[in-house]
There are 2 protein chains.
Amino acid sequence: MVDAAETAGLGLTKEPRTERGKRTLRKLLDAAAAEFGERGYHDAAISGITQRAGAALGTFYTYFDSKEQVFRALVEDMGRLTRRWIAERVVQAPDRIAAERVGIEAFLEFVRDHKDLYRIVMEAQFVAEDAYRAYYDSFAAAYRENLAASVSRGEIRPGDDECRAWALIGMSVFLGMRYSIWAEDRPPAEVAATAADLIARGLSVDGAARG
Amino acid sequence: MVDAAETAGLGLTKEPRTERGKRTLRKLLDAAAAEFGERGYHDAAISGITQRAGAALGTFYTYFDSKEQVFRALVEDMGRLTRRWIAERVVQAPDRIAAERVGIEAFLEFVRDHKDLYRIVMEAQFVAEDAYRAYYDSFAAAYRENLAASVSRGEIRPGDDECRAWALIGMSVFLGMRYSIWAEDRPPAEVAATAADLIARGLSVDGAARG
DNA sequence: ATGAAACCTGAGTCAATATTCAGGTTGTAA
DNA sequence: TTACAACCTGAATATTGACTCAGGTTTCAT
């Protein structure tokens, strides 16, 4: 669901001026998330969105210029929601290694609770590639910063933080796909613990092992 | 490109009986890979495929039942090609840690050389989800086997091999997307070395670090 | 209360394209 | 050479669904 209080900053061209309009826009955004999430971009129909929202077909075009525009708005919204959700939880972690575990667990939970929006983000790769890249570039940049800061604090070994950031994001994304979208057959905490152990210590039997 | 020698086992309903037919089918498969890879599933047109192949529109339906069928055939073909390519290189590795580095490097190179087919695999998530899941389930199962075998050989620490497998696959996939599809701004060997170091030793300063 | 702005309606327009098919061409076995 | 199967052709069909628009309804500042 799109946060009920906010519709600003979604890149819309026509903001509603009245309460009724805000309500309608919100209903359309939620309906669009459900329609795109369930049927995918191309099988989703504007008429399906307006039916779910209990509005007439033409009403859609009161707020959106096109099918693609509302899709992009949802991708951007999801980016904001995800970053906020994870950041809120990660700040409490005492160090980077703990932050990795908390971050992955928070991500896995978030995806479970926002399957529709998350599917939309993944499909954005083929519908609005620039929005998709912006979504992950933003994550990667933040991740890289965090890694660099941890290195300078002596919490983790130095290394190629950009590569590491992308690698770690990929881990989370695939764990999310497997354990939050495809099947919820493992508790997020368990999956996160395994991943965090891998991230912290690697596969090697001892810390001196050579790659 | 689809391997020129093989068109069997792609799930086609109508195999060609003459040399001319085999040639035409091969041209259509290569053209389909290019068309889908460049324009994506839904923007790809059957007429685009036949034009690239230098054939008439109706010829497509001599060999394929539908747009989706040829797409699925390409996904399955890509799975076979990828597994073979990586397996050939990984068998030479002396141990699991070395295998990780070699495997990631091989994967990054393969994706660079098969961008079209690789985009098709990624898009399969939304066009033929069962084929996509089969593609990654197959990788995950093999990966898990390899990890378990390495554990019993004492090469790596024991752990949740299924989670680890998905995590490691996710790493490769995202590194491939970032460094082989989006931009080739880093040599595969370099990226693979960083990733392998992360996989082998983790982020921690010393091997005794707790997660 | 009131009227202008905002909002809503849904039948109709229009372009795109997956798929069909009737008929022509080519390959090959005998 | 012949005849049949395999193959190729591309105009025509049929569906789908994004988007428009002319006109009606609701809201709210004054």
# chains A, B, ... in the order shown; residues from 1 in each chain; ligands from 1
call {"tool": "interface_residues", "arguments": {"of": "chain A", "to": "chain B", "cutoff": "8 Å", "atoms": "only C-alpha atoms", "output": "ChimeraX atom specification"}}
result
/A:40,42,97-98,101,123,126,154-157,159-160,163-164,166-175,178,191,194-211
call {"tool": "write_last_selection", "arguments": {"atoms": "C-alpha atoms", "output": "PDB file, in the first residue's frame"}}
result
ATOM      1  CA  GLY A  40       2.513  -7.652 -14.169  1.00  0.00           C
ATOM      2  CA  HIS A  42       1.698  -5.633 -19.527  1.00  0.00           C
ATOM      3  CA  ILE A  97      28.425  -6.728  11.118  1.00  0.00           C
ATOM      4  CA  ALA A  98      25.388  -6.406  13.338  1.00  0.00           C
ATOM      5  CA  ARG A 101      22.133  -8.975  10.012  1.00  0.00           C
ATOM      6  CA  GLU A 123       9.774  -5.545 -13.243  1.00  0.00           C
ATOM      7  CA  PHE A 126      12.127  -3.931 -18.199  1.00  0.00           C
ATOM      8  CA  GLY A 154      38.416  -0.380  11.908  1.00  0.00           C
ATOM      9  CA  GLU A 155      35.297  -2.544  12.117  1.00  0.00           C
ATOM     10  CA  ILE A 156      35.881  -4.349   8.852  1.00  0.00           C
ATOM     11  CA  ARG A 157      38.759  -5.077   6.526  1.00  0.00           C
ATOM     12  CA  GLY A 159      38.454  -3.670   0.223  1.00  0.00           C
ATOM     13  CA  ASP A 160      36.694  -2.647  -2.948  1.00  0.00           C
ATOM     14  CA  CYS A 163      31.969  -4.266  -5.611  1.00  0.00           C
ATOM     15  CA  ARG A 164      31.209  -5.351  -2.089  1.00  0.00           C
ATOM     16  CA  TRP A 166      26.714  -4.638  -5.166  1.00  0.00           C
ATOM     17  CA  ALA A 167      27.543  -8.148  -4.020  1.00  0.00           C
ATOM     18  CA  LEU A 168      25.805  -7.638  -0.692  1.00  0.00           C
ATOM     19  CA  ILE A 169      22.765  -6.060  -2.293  1.00  0.00           C
ATOM     20  CA  GLY A 170      22.524  -9.001  -4.660  1.00  0.00           C
ATOM     21  CA  MET A 171      22.576 -11.397  -1.745  1.00  0.00           C
ATOM     22  CA  SER A 172      19.674  -9.646  -0.084  1.00  0.00           C
ATOM     23  CA  VAL A 173      17.693  -9.369  -3.270  1.00  0.00           C
ATOM     24  CA  PHE A 174      17.951 -13.060  -4.047  1.00  0.00           C
ATOM     25  CA  LEU A 175      17.249 -14.104  -0.486  1.00  0.00           C
ATOM     26  CA  ARG A 178      13.497 -16.931  -2.595  1.00  0.00           C
ATOM     27  CA  VAL A 191      17.935 -16.604   6.842  1.00  0.00           C
ATOM     28  CA  THR A 194      23.037 -17.395   7.934  1.00  0.00           C
ATOM     29  CA  ALA A 195      23.680 -14.570   5.518  1.00  0.00           C
ATOM     30  CA  ALA A 196      25.225 -12.369   8.206  1.00  0.00           C
ATOM     31  CA  ASP A 197      27.548 -15.165   9.243  1.00  0.00           C
ATOM     32  CA  LEU A 198      28.598 -15.572   5.622  1.00  0.00           C
ATOM     33  CA  ILE A 199      29.173 -11.852   5.303  1.00  0.00           C
ATOM     34  CA  ALA A 200      31.106 -11.623   8.561  1.00  0.00           C
ATOM     35  CA  ARG A 201      33.331 -14.673   8.404  1.00  0.00           C
ATOM     36  CA  GLY A 202      33.032 -16.047   4.896  1.00  0.00           C
ATOM     37  CA  LEU A 203      33.124 -19.709   4.064  1.00  0.00           C
ATOM     38  CA  SER A 204      36.660 -20.469   5.154  1.00  0.00           C
ATOM     39  CA  VAL A 205      37.369 -22.757   8.071  1.00  0.00           C
ATOM     40  CA  ASP A 206      39.689 -20.215   9.677  1.00  0.00           C
ATOM     41  CA  GLY A 207      40.338 -16.516   9.304  1.00  0.00           C
ATOM     42  CA  ALA A 208      43.771 -17.034   7.822  1.00  0.00           C
ATOM     43  CA  ALA A 209      42.502 -18.994   4.819  1.00  0.00           C
ATOM     44  CA  ARG A 210      43.563 -17.706   1.415  1.00  0.00           C
ATOM     45  CA  GLY A 211      41.117 -17.217  -1.442  1.00  0.00           C
TER      46      GLY A 211
END
call {"tool": "closest_atom_pairs", "arguments": {"of": "chain D", "to": "chain A", "cutoff": "8 Å", "atoms": "only C-alpha atoms (C1' of nucleotides)", "output": "JSON lines"}}
result
{"residue": "D:DG17", "atom": "C1'", "partner": "A:Ala45", "partner_atom": "CA", "distance": 7.2}
{"residue": "D:DA18", "atom": "C1'", "partner": "A:Ile46", "partner_atom": "CA", "distance": 7.7}
{"residue": "D:DT27", "atom": "C1'", "partner": "A:Thr18", "partner_atom": "CA", "distance": 7.5}
call {"tool": "atom_distance", "arguments": {"atom1": "C1' of DG23 (chain C)", "atom2": "C1' of DA11 (chain D)"}}
result
11.9 Å
call {"tool": "closest_atom_pairs", "arguments": {"of": "chain C", "to": "chain B", "cutoff": "9 Å", "atoms": "only C-alpha atoms (C1' of nucleotides)", "output": "JSON lines"}}
result
{"residue": "C:DT17", "atom": "C1'", "partner": "B:Ala45", "partner_atom": "CA", "distance": 7.3}
{"residue": "C:DA18", "atom": "C1'", "partner": "B:Ile46", "partner_atom": "CA", "distance": 7.7}
{"residue": "C:DT19", "atom": "C1'", "partner": "B:Ser66", "partner_atom": "CA", "distance": 8.3}
{"residue": "C:DT20", "atom": "C1'", "partner": "B:Gly58", "partner_atom": "CA", "distance": 8.7}
{"residue": "C:DG27", "atom": "C1'", "partner": "B:Thr18", "partner_atom": "CA", "distance": 7.6}
call {"tool": "select_by_dssp", "arguments": {"residues": "region 43-208 of chain A", "states": "helix (DSSP H, G or I)", "output": "VMD selection string"}}
result
chain A and resid 43 46 to 53 57 to 63 67 to 90 96 to 113 115 to 127 129 to 152 161 to 182 188 to 201
call {"tool": "atom_distance", "arguments": {"atom1": "CA of Arg17 (chain A)", "atom2": "CA of Phe60 (chain A)"}}
result
15.6 Å
call {"tool": "residues_around", "arguments": {"residues": "region 2-8 of chain C", "least_positions_apart": "4", "cutoff": "12 Å", "atoms": "only C-alpha atoms (C1' of nucleotides)", "output": "ChimeraX atom specification"}}
result
/A:14-25,50,54-63 /D:23-30
call {"tool": "write_last_selection", "arguments": {"atoms": "C-alpha atoms (C1' of nucleotides)", "output": "JSON list (two decimals), in the first residue's frame"}}
result
[["chain", "number", "residue", "atom", "x", "y", "z"],
["A", 14, "LYS", "CA", -1.67, 16.89, -11.66],
["A", 15, "GLU", "CA", -2.00, 17.05, -7.90],
["A", 16, "PRO", "CA", -5.50, 16.95, -6.47],
["A", 17, "ARG", "CA", -6.81, 20.19, -4.95],
["A", 18, "THR", "CA", -9.67, 18.88, -2.86],
["A", 19, "GLU", "CA", -10.11, 16.19, -0.24],
["A", 20, "ARG", "CA", -12.18, 14.15, -2.63],
["A", 21, "GLY", "CA", -9.39, 14.32, -5.17],
["A", 22, "LYS", "CA", -6.77, 13.18, -2.67],
["A", 23, "ARG", "CA", -8.94, 10.25, -1.70],
["A", 24, "THR", "CA", -9.41, 9.24, -5.31],
["A", 25, "LEU", "CA", -5.73, 9.52, -6.13],
["A", 50, "THR", "CA", -10.04, 1.90, -12.10],
["A", 54, "GLY", "CA", -14.18, 1.93, -7.88],
["A", 55, "ALA", "CA", -13.69, 4.76, -10.35],
["A", 56, "ALA", "CA", -14.44, 5.36, -13.99],
["A", 57, "LEU", "CA", -11.84, 4.71, -16.64],
["A", 58, "GLY", "CA", -11.38, 8.37, -17.48],
["A", 59, "THR", "CA", -10.65, 9.28, -13.88],
["A", 60, "PHE", "CA", -7.28, 7.61, -14.20],
["A", 61, "TYR", "CA", -6.22, 10.27, -16.67],
["A", 62, "THR", "CA", -7.24, 13.03, -14.29],
["A", 63, "TYR", "CA", -4.14, 12.15, -12.27],
["D", 23, "DG", "C1'", -20.84, 16.61, -20.96],
["D", 24, "DG", "C1'", -22.57, 15.84, -16.13],
["D", 25, "DT", "C1'", -21.74, 16.17, -10.84],
["D", 26, "DT", "C1'", -19.51, 17.73, -6.58],
["D", 27, "DT", "C1'", -16.84, 20.85, -3.81],
["D", 28, "DC", "C1'", -15.89, 25.02, -1.50],
["D", 29, "DA", "C1'", -14.38, 29.90, -1.20],
["D", 30, "DT", "C1'", -16.83, 33.90, -0.97]]
call {"tool": "atom_distance", "arguments": {"atom1": "CA of Lys115 (chain B)", "atom2": "CA of Ala124 (chain A)"}}
result
18.0 Å
call {"tool": "residues_around", "arguments": {"residues": "DT28 (chain C)", "least_positions_apart": "2", "cutoff": "12 Å", "atoms": "only C-alpha atoms (C1' of nucleotides)", "output": "MDAnalysis selection string"}}
result
(chainID B and resid 17:19) or (chainID C and resid 26 30) or (chainID D and resid 2:6)
